[in-house]
Structure formats: structure tokens, C-alpha cells
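J.: Quick one, start25.pdb (PDB, C-alpha atoms and all ligand atoms):
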ATOM      1  CA  MET A1004     -22.967 -15.552  -8.137
ATOM      2  CA  SER A1005     -19.304 -15.805  -8.874
ATOM      3  CA  ILE A1006     -15.941 -14.968  -7.395
ATOM      4  CA  LEU A1007     -14.094 -12.479  -9.582
ATOM      5  CA  PRO A1008     -10.293 -12.291  -9.828
ATOM      6  CA  ILE A1009      -8.784  -9.213  -8.163
ATOM      7  CA  VAL A1010      -6.362  -7.068 -10.156
ATOM      8  CA  THR A1011      -3.118  -6.006  -8.490
ATOM      9  CA  TYR A1012      -1.650  -2.630  -7.804
ATOM     10  CA  ASN A1013       0.087  -1.808 -11.067
ATOM     11  CA  ASP A1014      -2.908  -2.590 -13.249
ATOM     12  CA  PRO A1015      -3.892   0.597 -15.135
ATOM     13  CA  VAL A1016      -7.602   0.116 -14.287
ATOM     14  CA  LEU A1017      -6.785   0.951 -10.653
ATOM     15  CA  ARG A1018      -5.568   4.374 -11.789
ATOM     16  CA  GLU A1019      -8.614   5.356 -13.833
ATOM     17  CA  LYS A1020     -11.250   7.771 -12.594
ATOM     18  CA  THR A1021     -14.384   5.624 -12.616
ATOM     19  CA  LYS A1022     -17.655   6.385 -14.411
ATOM     20  CA  PRO A1023     -21.004   6.871 -12.645
ATOM     21  CA  VAL A1024     -23.529   4.045 -12.896
ATOM     22  CA  GLU A1025     -26.298   5.284 -15.187
ATOM     23  CA  ASP A1026     -28.543   2.281 -15.725
ATOM     24  CA  LEU A1027     -29.841   0.918 -12.441
ATOM     25  CA  ASN A1028     -30.669  -2.567 -13.621
ATOM     26  CA  GLU A1029     -30.445  -6.216 -12.682
ATOM     27  CA  GLU A1030     -27.014  -6.497 -14.252
ATOM     28  CA  ILE A1031     -25.682  -3.992 -11.702
ATOM     29  CA  GLN A1032     -27.376  -5.868  -8.847
ATOM     30  CA  ASP A1033     -25.831  -9.149 -10.042
ATOM     31  CA  PHE A1034     -22.435  -7.446 -10.212
ATOM     32  CA  VAL A1035     -22.857  -6.091  -6.666
ATOM     33  CA  GLU A1036     -23.635  -9.647  -5.473
ATOM     34  CA  ASP A1037     -20.472 -10.897  -7.168
ATOM     35  CA  MET A1038     -18.504  -8.128  -5.475
ATOM     36  CA  PHE A1039     -19.806  -9.153  -2.045
ATOM     37  CA  GLU A1040     -18.980 -12.792  -2.758
ATOM     38  CA  THR A1041     -15.500 -11.847  -3.972
ATOM     39  CA  MET A1042     -14.907  -9.679  -0.887
ATOM     40  CA  TYR A1043     -16.002 -12.380   1.582
ATOM     41  CA  ASN A1044     -14.004 -15.034  -0.263
ATOM     42  CA  SER A1045     -10.846 -12.991   0.236
ATOM     43  CA  ASP A1046     -11.677 -12.070   3.871
ATOM     44  CA  GLY A1047     -11.751  -8.419   2.829
ATOM     45  CA  VAL A1048     -13.745  -5.680   4.562
ATOM     46  CA  GLY A1049     -14.182  -3.616   1.402
ATOM     47  CA  LEU A1050     -13.907  -4.011  -2.363
ATOM     48  CA  ALA A1051     -14.189  -1.423  -5.136
ATOM     49  CA  ALA A1052     -15.282  -2.164  -8.724
ATOM     50  CA  PRO A1053     -11.914  -1.214 -10.322
ATOM     51  CA  GLN A1054     -10.329  -3.977  -8.224
ATOM     52  CA  VAL A1055     -12.232  -6.498 -10.329
ATOM     53  CA  GLY A1056     -11.463  -4.596 -13.516
ATOM     54  CA  VAL A1057     -14.703  -2.597 -13.766
ATOM     55  CA  SER A1058     -14.264   1.177 -13.941
ATOM     56  CA  LYS A1059     -17.582   2.131 -12.333
ATOM     57  CA  ARG A1060     -18.494   4.078  -9.191
ATOM     58  CA  ILE A1061     -19.405   1.128  -6.981
ATOM     59  CA  PHE A1062     -17.886  -0.323  -3.834
ATOM     60  CA  VAL A1063     -19.036  -2.736  -1.140
ATOM     61  CA  ILE A1064     -18.069  -2.953   2.514
ATOM     62  CA  ASP A1065     -18.671  -5.100   5.570
ATOM     63  CA  SER A1066     -16.702  -3.752   8.500
ATOM     64  CA  ASP A1067     -18.620  -5.645  11.202
ATOM     65  CA  GLY A1068     -15.770  -8.085  11.854
ATOM     66  CA  MET A1069     -13.420  -5.216  12.752
ATOM     67  CA  LEU A1070     -15.757  -3.576  15.260
ATOM     68  CA  GLU A1071     -15.953  -3.916  19.037
ATOM     69  CA  GLU A1072     -18.906  -5.699  20.589
ATOM     70  CA  GLU A1073     -20.475  -2.453  21.815
ATOM     71  CA  ASP A1074     -20.142  -0.699  18.425
ATOM     72  CA  GLU A1075     -23.102  -0.272  16.159
ATOM     73  CA  LYS A1076     -22.751  -2.737  13.247
ATOM     74  CA  PRO A1077     -23.708  -1.305   9.862
ATOM     75  CA  GLY A1078     -23.496  -4.739   8.176
ATOM     76  CA  PRO A1079     -22.915  -5.263   4.458
ATOM     77  CA  ILE A1080     -23.568  -2.136   2.383
ATOM     78  CA  ALA A1081     -23.144  -1.410  -1.325
ATOM     79  CA  PHE A1082     -22.297   2.165  -2.305
ATOM     80  CA  ILE A1083     -23.355   3.091  -5.837
ATOM     81  CA  ASN A1084     -22.401   6.571  -7.124
ATOM     82  CA  PRO A1085     -21.251   7.616  -3.627
ATOM     83  CA  VAL A1086     -20.356  11.199  -2.719
ATOM     84  CA  ILE A1087     -18.538  12.040   0.499
ATOM     85  CA  VAL A1088     -20.454  15.170   1.507
ATOM     86  CA  GLU A1089     -18.578  15.844   4.726
ATOM     87  CA  LYS A1090     -15.416  14.750   6.511
ATOM     88  CA  LYS A1091     -15.064  15.614  10.179
ATOM     89  CA  GLY A1092     -13.648  14.621  13.529
ATOM     90  CA  LYS A1093     -10.021  14.144  14.409
ATOM     91  CA  MET A1094      -7.380  13.100  11.899
ATOM     92  CA  ILE A1095      -6.383   9.610  13.031
ATOM     93  CA  PRO A1096      -3.692   7.140  11.924
ATOM     94  CA  LEU A1097      -4.887   3.581  11.262
ATOM     95  CA  ASP A1098      -3.271   0.599   9.537
ATOM     96  CA  GLU A1099      -4.635  -0.009   6.052
ATOM     97  CA  GLY A1100      -4.205  -2.862   3.637
ATOM     98  CA  CYS A1101      -5.680  -3.582   0.221
ATOM     99  CA  LEU A1102      -6.709  -6.792  -1.547
ATOM    100  CA  SER A1103      -4.928  -5.434  -4.652
ATOM    101  CA  ILE A1104      -1.686  -5.050  -2.665
ATOM    102  CA  PRO A1105      -1.620  -8.361  -0.763
ATOM    103  CA  GLU A1106       0.164  -8.440   2.593
ATOM    104  CA  VAL A1107       1.290  -4.804   2.517
ATOM    105  CA  THR A1108      -0.038  -2.666   5.376
ATOM    106  CA  ASP A1109       0.874   0.762   6.646
ATOM    107  CA  LYS A1110      -0.513   3.672   8.608
ATOM    108  CA  VAL A1111      -2.601   6.277   6.837
ATOM    109  CA  ILE A1112      -3.995   9.427   8.487
ATOM    110  CA  ARG A1113      -7.609  10.277   7.647
ATOM    111  CA  PRO A1114     -10.600  11.967   9.310
ATOM    112  CA  GLU A1115     -12.523   9.885  11.848
ATOM    113  CA  VAL A1116     -16.034  10.586  10.510
ATOM    114  CA  VAL A1117     -17.607  10.828   7.044
ATOM    115  CA  VAL A1118     -21.085  11.634   5.794
ATOM    116  CA  VAL A1119     -21.856   9.819   2.541
ATOM    117  CA  LYS A1120     -24.677  10.148   0.046
ATOM    118  CA  PHE A1121     -25.138   7.036  -2.068
ATOM    119  CA  LEU A1122     -27.499   4.513  -3.600
ATOM    120  CA  ASP A1123     -27.519   1.189  -1.798
ATOM    121  CA  GLU A1124     -27.919  -2.311  -3.268
ATOM    122  CA  ASN A1125     -31.680  -1.714  -3.620
ATOM    123  CA  PHE A1126     -31.002   1.605  -5.410
ATOM    124  CA  GLU A1127     -32.432   3.493  -2.411
ATOM    125  CA  GLU A1128     -30.835   6.877  -1.863
ATOM    126  CA  ARG A1129     -29.243   7.161   1.586
ATOM    127  CA  VAL A1130     -27.328   9.873   3.398
ATOM    128  CA  GLU A1131     -25.529   8.450   6.414
ATOM    129  CA  GLU A1132     -22.772   9.246   8.850
ATOM    130  CA  PHE A1133     -20.106   6.638   9.538
ATOM    131  CA  SER A1134     -17.240   6.692  12.018
ATOM    132  CA  GLY A1135     -14.290   4.625  13.215
ATOM    133  CA  TRP A1136     -13.245   1.618  11.146
ATOM    134  CA  THR A1137     -16.324   1.852   8.943
ATOM    135  CA  ALA A1138     -15.464   5.441   7.961
ATOM    136  CA  ARG A1139     -11.925   4.301   7.325
ATOM    137  CA  VAL A1140     -12.968   1.473   4.994
ATOM    138  CA  ILE A1141     -15.327   3.820   3.142
ATOM    139  CA  GLN A1142     -12.592   6.419   2.567
ATOM    140  CA  HIS A1143     -10.165   3.755   1.342
ATOM    141  CA  GLU A1144     -12.731   2.313  -1.079
ATOM    142  CA  TYR A1145     -13.875   5.742  -2.212
ATOM    143  CA  ASP A1146     -10.264   6.510  -3.127
ATOM    144  CA  HIS A1147     -10.289   3.490  -5.464
ATOM    145  CA  LEU A1148     -13.044   5.206  -7.463
ATOM    146  CA  GLU A1149     -10.688   8.173  -7.929
ATOM    147  CA  GLY A1150      -7.722   6.030  -8.966
ATOM    148  CA  ILE A1151      -5.980   6.502  -5.612
ATOM    149  CA  LEU A1152      -4.303   3.724  -3.598
ATOM    150  CA  PHE A1153      -3.382   3.898   0.087
ATOM    151  CA  ILE A1154       0.310   3.565  -0.732
ATOM    152  CA  ASP A1155       0.076   6.946  -2.491
ATOM    153  CA  TYR A1156      -0.144   8.565   0.963
ATOM    154  CA  LEU A1157       3.090   7.015   2.231
ATOM    155  CA  SER A1158       6.376   8.876   2.504
ATOM    156  CA  ALA A1159       9.158   8.027   0.054
ATOM    157  CA  PHE A1160      10.876   6.280   2.941
ATOM    158  CA  ARG A1161       7.873   4.093   3.789
ATOM    159  CA  LYS A1162       7.380   3.302   0.089
ATOM    160  CA  ARG A1163      10.965   2.113  -0.147
ATOM    161  CA  MET A1164      10.289  -0.197   2.803
ATOM    162  CA  HIS A1165       7.620  -1.900   0.691
ATOM    163  CA  LYS A1166       9.608  -1.956  -2.557
ATOM    164  CA  ALA A1167      10.433  -5.678  -2.540
ATOM    165  CA  ASP A1168       6.827  -6.578  -1.729
ATOM    166  CA  LEU A1169       5.488  -4.355  -4.482
ATOM    167  CA  GLU A1170       7.888  -5.856  -7.013
ATOM    168  CA  GLU A1171       6.856  -9.351  -6.034
ATOM    169  CA  ILE A1172       3.193  -8.446  -6.495
ATOM    170  CA  ASP A1173       3.867  -6.654  -9.770
ATOM    171  CA  THR A1174       5.714  -9.605 -11.257
ATOM    172  CA  GLY A1175       2.935 -12.001 -10.264
ATOM    173  CA  LYS A1176       5.108 -13.938  -7.799
ATOM    174  CA  ARG A1177       3.072 -13.209  -4.681
ATOM    175  CA  GLU A1178       0.873 -16.085  -3.547
ATOM    176  CA  THR A1179      -2.618 -15.205  -2.331
ATOM    177  CA  ARG A1180      -5.466 -17.137  -0.735
ATOM    178  CA  TYR A1181      -7.855 -15.674  -3.308
ATOM    179  CA  PRO A1182      -7.808 -15.454  -7.124
ATOM    180  CA  ILE A1183      -5.828 -12.523  -8.481
ATOM    181  CA  LYS A1184      -5.137 -11.338 -12.001
ATOM    182  CA  PRO A1185      -1.597  -9.962 -12.211
ATOM    183  CA  ARG A1186      -0.978  -7.218 -14.721
ATOM    184  CA  GLY A1187      -0.278  -8.333 -18.329
TER     185      GLY A1187
HETATM  186 NI    NI B1201      -7.985  -1.264  -1.520
END
Is it possible to express this structure as C-alpha cells?

T.:
Amino acid sequence: MSILPIVTYNDPVLREKTKPVEDLNEEIQDFVEDMFETMYNSDGVGLAAPQVGVSKRIFVIDSDGMLEEEDEKPGPIAFINPVIVEKKGKMIPLDEGCLSIPEVTDKVIRPEVVVVKFLDENFEERVEEFSGWTARVIQHEYDHLEGILFIDYLSAFRKRMHKADLEEIDTGKRETRYPIKPRG
């Protein structure tokens, strides 16, 4: 297993539409393990393949640390070739951040519940409903597979509030607790 460097927000790979995983082989399982290790090393709750420079439809999550004691804990899950088949519930604002945009957080409004069809880390097909923080992490990571970042949802005003931070990240001056690979 190895910790992979995380690319930052202006890297073109984060803007690509990712390709489906076609060969379900050991190489993919090894990569998924590396993604989990990379996510835990950076104290993240989700990580998508483009964030480590791989333009494939894979993300991993572990939202357990964000959940209340009484909540059901889904644990670590890999999503390979995921499809969000339904979004429902109330539209709710929650604070999001992203390992590719270190230390920038802001509110994003998204549906409370999602139903996702995906292959897990054992290549088993699953269709499951997720809600609360877990649904939030899934929607954020799913966006990465479409080349979308959470800052894309912010108003021009909110984006301007983050301008200095974004410039610092873009120019490779931001210090992080985990390995990053600044653009160019
Ligand atoms: Ni992100």
C-alpha cells in the first residue's frame, strides 16, 4: 500500500470527465487500497480517483467519524462505476471542504438522501440508500468524477472571499499535513 500525492484544485485532471472502470482486476483493488490509505492519512472522509491524478470512475468514503453515536455507520466503502439513481429529501446546506482545496470550506446546498448503484471493493454490485453526512460525502465525491468541484456552486461573492486562499493553493504555497502535488 502507498500514500499517493493529492493534486490541487487547478490541476486539469480534476476537470476531466472520468472513464468507467472496465477491467475489474487486482490492479484496481490495489489502487482502491492506496486510495483508502491516502484518504485516512489526510484525515479525509472521501477521496476520488482524479484527486490522485487517475481519471477513472472510482471514489472511496468513510463518513463514520462525522456521524452521531445513534446513527447507522456505513464504514469504509469503495464506489466503482457509481450511478446516482435517485436524489430525494429536503435540500439542505452543509459545510463542505476538499482535500484538493486545503483549508477552504463553504456551504453547499444538496439533497439529503441519495440512492446509489455501484460496485464495491469486492466488485459486488450494490444498490443502497444513504442519507445525512454520508449522502453529502457521496455527492461531493461523485461530482469529482464529473469534473465538478464544490467551489463551482458558490456565488461570485463567496468565490471572491476565497480568492487569496485559492491563489495560495494554486501557486503551491499552501502547507498541508499530507503530500500534495501542486499543478505544473
Ligand atoms: Ni473533494

J.: Name the residues, by chain letter and number, that sit within 10 Å of ligand NI 1201 (chain B) using only C-alpha atoms and all ligand atoms, and give them as an mmCIF file with C-alpha atoms, keeping the file's coordinate frame.

T.:
data_model
loop_
_atom_site.group_PDB
_atom_site.id
_atom_site.type_symbol
_atom_site.label_atom_id
_atom_site.label_comp_id
_atom_site.auth_asym_id
_atom_site.auth_seq_id
_atom_site.Cartn_x
_atom_site.Cartn_y
_atom_site.Cartn_z
ATOM 1 C CA THR A 1011 -3.118 -6.006 -8.490
ATOM 2 C CA TYR A 1012 -1.650 -2.630 -7.804
ATOM 3 C CA LEU A 1017 -6.785 0.951 -10.653
ATOM 4 C CA GLY A 1047 -11.751 -8.419 2.829
ATOM 5 C CA VAL A 1048 -13.745 -5.680 4.562
ATOM 6 C CA GLY A 1049 -14.182 -3.616 1.402
ATOM 7 C CA LEU A 1050 -13.907 -4.011 -2.363
ATOM 8 C CA ALA A 1051 -14.189 -1.423 -5.136
ATOM 9 C CA PRO A 1053 -11.914 -1.214 -10.322
ATOM 10 C CA GLN A 1054 -10.329 -3.977 -8.224
ATOM 11 C CA GLU A 1099 -4.635 -0.009 6.052
ATOM 12 C CA GLY A 1100 -4.205 -2.862 3.637
ATOM 13 C CA CYS A 1101 -5.680 -3.582 0.221
ATOM 14 C CA LEU A 1102 -6.709 -6.792 -1.547
ATOM 15 C CA SER A 1103 -4.928 -5.434 -4.652
ATOM 16 C CA ILE A 1104 -1.686 -5.050 -2.665
ATOM 17 C CA PRO A 1105 -1.620 -8.361 -0.763
ATOM 18 C CA VAL A 1140 -12.968 1.473 4.994
ATOM 19 C CA GLN A 1142 -12.592 6.419 2.567
ATOM 20 C CA HIS A 1143 -10.165 3.755 1.342
ATOM 21 C CA GLU A 1144 -12.731 2.313 -1.079
ATOM 22 C CA TYR A 1145 -13.875 5.742 -2.212
ATOM 23 C CA ASP A 1146 -10.264 6.510 -3.127
ATOM 24 C CA HIS A 1147 -10.289 3.490 -5.464
ATOM 25 C CA ILE A 1151 -5.980 6.502 -5.612
ATOM 26 C CA LEU A 1152 -4.303 3.724 -3.598
ATOM 27 C CA PHE A 1153 -3.382 3.898 0.087
ATOM 28 C CA ILE A 1154 0.310 3.565 -0.732
#

J.: What does the PyMOL selection byres (((chain A and resi 1074-1084) around 7) and not hetatm) select in this file, as a list in words?

T.: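 This file gives the following for the PyMOL selection byres (((chain A and resi 1074-1084) around 7) and not hetatm): Pro1023, Val1024, Arg1060, Ile1061, Phe1062, Val1063, Ile1064, Asp1065, Ser1066, Asp1067, Leu1070, Glu1071, Glu1072, Glu1073, Pro1085, Val1086, Phe1121, Leu1122, Asp1123 and Glu1124 of chain A.
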
J.: Between A:Arg1018, A:Glu1127, A:Val1119, A:Val1107, which residue has the minimum interatomic distance to Met1164 in chain A, considering all atoms listed in the file?

T.: A:Val1107

J.: Would you list the contacts of Ala1138 in chain A as an MDAnalysis selection string, taking every protein, DNA or RNA residue within 9 Å and counting all atoms listed in the file, but skipping same-chain residues closer than 2 positions in sequence?

T.: chainID A and resid 1114:1118 1132:1136 1140:1143

J.: Export C-alpha atoms of the chosen residues as a CSV table (one decimal), in the frame of the given file?

T.:
chain,number,residue,atom,x,y,z
A,1114,PRO,CA,-10.6,12.0,9.3
A,1115,GLU,CA,-12.5,9.9,11.8
A,1116,VAL,CA,-16.0,10.6,10.5
A,1117,VAL,CA,-17.6,10.8,7.0
A,1118,VAL,CA,-21.1,11.6,5.8
A,1132,GLU,CA,-22.8,9.2,8.8
A,1133,PHE,CA,-20.1,6.6,9.5
A,1134,SER,CA,-17.2,6.7,12.0
A,1135,GLY,CA,-14.3,4.6,13.2
A,1136,TRP,CA,-13.2,1.6,11.1
A,1140,VAL,CA,-13.0,1.5,5.0
A,1141,ILE,CA,-15.3,3.8,3.1
A,1142,GLN,CA,-12.6,6.4,2.6
A,1143,HIS,CA,-10.2,3.8,1.3

J.: Considering only C-alpha atoms, can you say which of A:Thr1174, A:Thr1021, A:Ser1005, A:Asn1013 comes closest to Val1035 in chain A?

T.: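 Closest residue, counting only C-alpha atoms: A:Ser1005.
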
J.: Could you tell me how far CA of Glu1040 in chain A sits from CA of Ile1006 in chain A, in Å to one decimal place?

T.: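 If I compute the distance from CA of Ile1006 in chain A to CA of Glu1040 in chain A, I get 6.0 Å.
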
J.: Between CA of Leu1157 in chain A and CA of Asp1109 in chain A, what distance in Å does the model show, to one decimal?

T.: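 The value is 8.0 Å.
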
J.: Mind rebuilding range 1139-1160 of chain A with N, CA, C and O atoms and writing that out as a PDB file, in the frame of the given file?

T.:
ATOM      1  N   ARG A1139     -13.246   4.542   7.918  1.00  0.00           N
ATOM      2  CA  ARG A1139     -11.925   4.301   7.325  1.00  0.00           C
ATOM      3  C   ARG A1139     -12.037   3.451   6.061  1.00  0.00           C
ATOM      4  O   ARG A1139     -11.458   3.758   5.022  1.00  0.00           O
ATOM      5  N   VAL A1140     -12.802   2.359   6.156  1.00  0.00           N
ATOM      6  CA  VAL A1140     -12.968   1.473   4.994  1.00  0.00           C
ATOM      7  C   VAL A1140     -13.626   2.250   3.843  1.00  0.00           C
ATOM      8  O   VAL A1140     -13.201   2.163   2.692  1.00  0.00           O
ATOM      9  N   ILE A1141     -14.626   3.038   4.167  1.00  0.00           N
ATOM     10  CA  ILE A1141     -15.327   3.820   3.142  1.00  0.00           C
ATOM     11  C   ILE A1141     -14.366   4.778   2.437  1.00  0.00           C
ATOM     12  O   ILE A1141     -14.359   4.874   1.202  1.00  0.00           O
ATOM     13  N   GLN A1142     -13.512   5.463   3.201  1.00  0.00           N
ATOM     14  CA  GLN A1142     -12.592   6.419   2.567  1.00  0.00           C
ATOM     15  C   GLN A1142     -11.566   5.711   1.690  1.00  0.00           C
ATOM     16  O   GLN A1142     -11.215   6.190   0.609  1.00  0.00           O
ATOM     17  N   HIS A1143     -11.114   4.546   2.137  1.00  0.00           N
ATOM     18  CA  HIS A1143     -10.165   3.755   1.342  1.00  0.00           C
ATOM     19  C   HIS A1143     -10.815   3.317   0.029  1.00  0.00           C
ATOM     20  O   HIS A1143     -10.223   3.456  -1.049  1.00  0.00           O
ATOM     21  N   GLU A1144     -12.044   2.799   0.131  1.00  0.00           N
ATOM     22  CA  GLU A1144     -12.731   2.313  -1.079  1.00  0.00           C
ATOM     23  C   GLU A1144     -13.112   3.464  -1.997  1.00  0.00           C
ATOM     24  O   GLU A1144     -13.022   3.349  -3.219  1.00  0.00           O
ATOM     25  N   TYR A1145     -13.526   4.575  -1.400  1.00  0.00           N
ATOM     26  CA  TYR A1145     -13.875   5.742  -2.212  1.00  0.00           C
ATOM     27  C   TYR A1145     -12.657   6.189  -3.037  1.00  0.00           C
ATOM     28  O   TYR A1145     -12.787   6.533  -4.218  1.00  0.00           O
ATOM     29  N   ASP A1146     -11.495   6.161  -2.413  1.00  0.00           N
ATOM     30  CA  ASP A1146     -10.264   6.510  -3.127  1.00  0.00           C
ATOM     31  C   ASP A1146     -10.079   5.658  -4.382  1.00  0.00           C
ATOM     32  O   ASP A1146      -9.599   6.146  -5.408  1.00  0.00           O
ATOM     33  N   HIS A1147     -10.426   4.366  -4.286  1.00  0.00           N
ATOM     34  CA  HIS A1147     -10.289   3.490  -5.464  1.00  0.00           C
ATOM     35  C   HIS A1147     -11.084   4.038  -6.651  1.00  0.00           C
ATOM     36  O   HIS A1147     -10.680   3.878  -7.796  1.00  0.00           O
ATOM     37  N   LEU A1148     -12.217   4.677  -6.372  1.00  0.00           N
ATOM     38  CA  LEU A1148     -13.044   5.206  -7.463  1.00  0.00           C
ATOM     39  C   LEU A1148     -12.379   6.405  -8.123  1.00  0.00           C
ATOM     40  O   LEU A1148     -12.726   6.793  -9.239  1.00  0.00           O
ATOM     41  N   GLU A1149     -11.418   7.009  -7.409  1.00  0.00           N
ATOM     42  CA  GLU A1149     -10.688   8.173  -7.929  1.00  0.00           C
ATOM     43  C   GLU A1149      -9.306   7.776  -8.456  1.00  0.00           C
ATOM     44  O   GLU A1149      -8.492   8.649  -8.783  1.00  0.00           O
ATOM     45  N   GLY A1150      -9.030   6.484  -8.479  1.00  0.00           N
ATOM     46  CA  GLY A1150      -7.722   6.030  -8.966  1.00  0.00           C
ATOM     47  C   GLY A1150      -6.601   6.192  -7.956  1.00  0.00           C
ATOM     48  O   GLY A1150      -5.422   6.231  -8.316  1.00  0.00           O
ATOM     49  N   ILE A1151      -6.975   6.287  -6.674  1.00  0.00           N
ATOM     50  CA  ILE A1151      -5.980   6.502  -5.612  1.00  0.00           C
ATOM     51  C   ILE A1151      -5.825   5.228  -4.782  1.00  0.00           C
ATOM     52  O   ILE A1151      -6.824   4.573  -4.448  1.00  0.00           O
ATOM     53  N   LEU A1152      -4.588   4.882  -4.451  1.00  0.00           N
ATOM     54  CA  LEU A1152      -4.303   3.724  -3.598  1.00  0.00           C
ATOM     55  C   LEU A1152      -3.695   4.201  -2.283  1.00  0.00           C
ATOM     56  O   LEU A1152      -3.055   5.255  -2.240  1.00  0.00           O
ATOM     57  N   PHE A1153      -3.857   3.414  -1.221  1.00  0.00           N
ATOM     58  CA  PHE A1153      -3.382   3.898   0.087  1.00  0.00           C
ATOM     59  C   PHE A1153      -1.874   4.131   0.105  1.00  0.00           C
ATOM     60  O   PHE A1153      -1.384   5.000   0.832  1.00  0.00           O
ATOM     61  N   ILE A1154      -1.148   3.375  -0.722  1.00  0.00           N
ATOM     62  CA  ILE A1154       0.310   3.565  -0.732  1.00  0.00           C
ATOM     63  C   ILE A1154       0.706   4.948  -1.268  1.00  0.00           C
ATOM     64  O   ILE A1154       1.809   5.420  -1.014  1.00  0.00           O
ATOM     65  N   ASP A1155      -0.218   5.595  -1.979  1.00  0.00           N
ATOM     66  CA  ASP A1155       0.076   6.946  -2.491  1.00  0.00           C
ATOM     67  C   ASP A1155       0.290   7.942  -1.349  1.00  0.00           C
ATOM     68  O   ASP A1155       0.897   8.992  -1.546  1.00  0.00           O
ATOM     69  N   TYR A1156      -0.261   7.643  -0.166  1.00  0.00           N
ATOM     70  CA  TYR A1156      -0.144   8.565   0.963  1.00  0.00           C
ATOM     71  C   TYR A1156       1.157   8.380   1.734  1.00  0.00           C
ATOM     72  O   TYR A1156       1.468   9.168   2.630  1.00  0.00           O
ATOM     73  N   LEU A1157       1.905   7.309   1.423  1.00  0.00           N
ATOM     74  CA  LEU A1157       3.090   7.015   2.231  1.00  0.00           C
ATOM     75  C   LEU A1157       4.266   7.897   1.829  1.00  0.00           C
ATOM     76  O   LEU A1157       4.366   8.343   0.681  1.00  0.00           O
ATOM     77  N   SER A1158       5.153   8.115   2.780  1.00  0.00           N
ATOM     78  CA  SER A1158       6.376   8.876   2.504  1.00  0.00           C
ATOM     79  C   SER A1158       7.268   8.052   1.578  1.00  0.00           C
ATOM     80  O   SER A1158       7.119   6.835   1.467  1.00  0.00           O
ATOM     81  N   ALA A1159       8.212   8.732   0.935  1.00  0.00           N
ATOM     82  CA  ALA A1159       9.158   8.027   0.054  1.00  0.00           C
ATOM     83  C   ALA A1159       9.893   6.939   0.843  1.00  0.00           C
ATOM     84  O   ALA A1159      10.125   5.839   0.342  1.00  0.00           O
ATOM     85  N   PHE A1160      10.185   7.259   2.104  1.00  0.00           N
ATOM     86  CA  PHE A1160      10.876   6.280   2.941  1.00  0.00           C
ATOM     87  C   PHE A1160      10.027   5.028   3.164  1.00  0.00           C
ATOM     88  O   PHE A1160      10.473   3.904   2.978  1.00  0.00           O
TER      89      PHE A1160
END
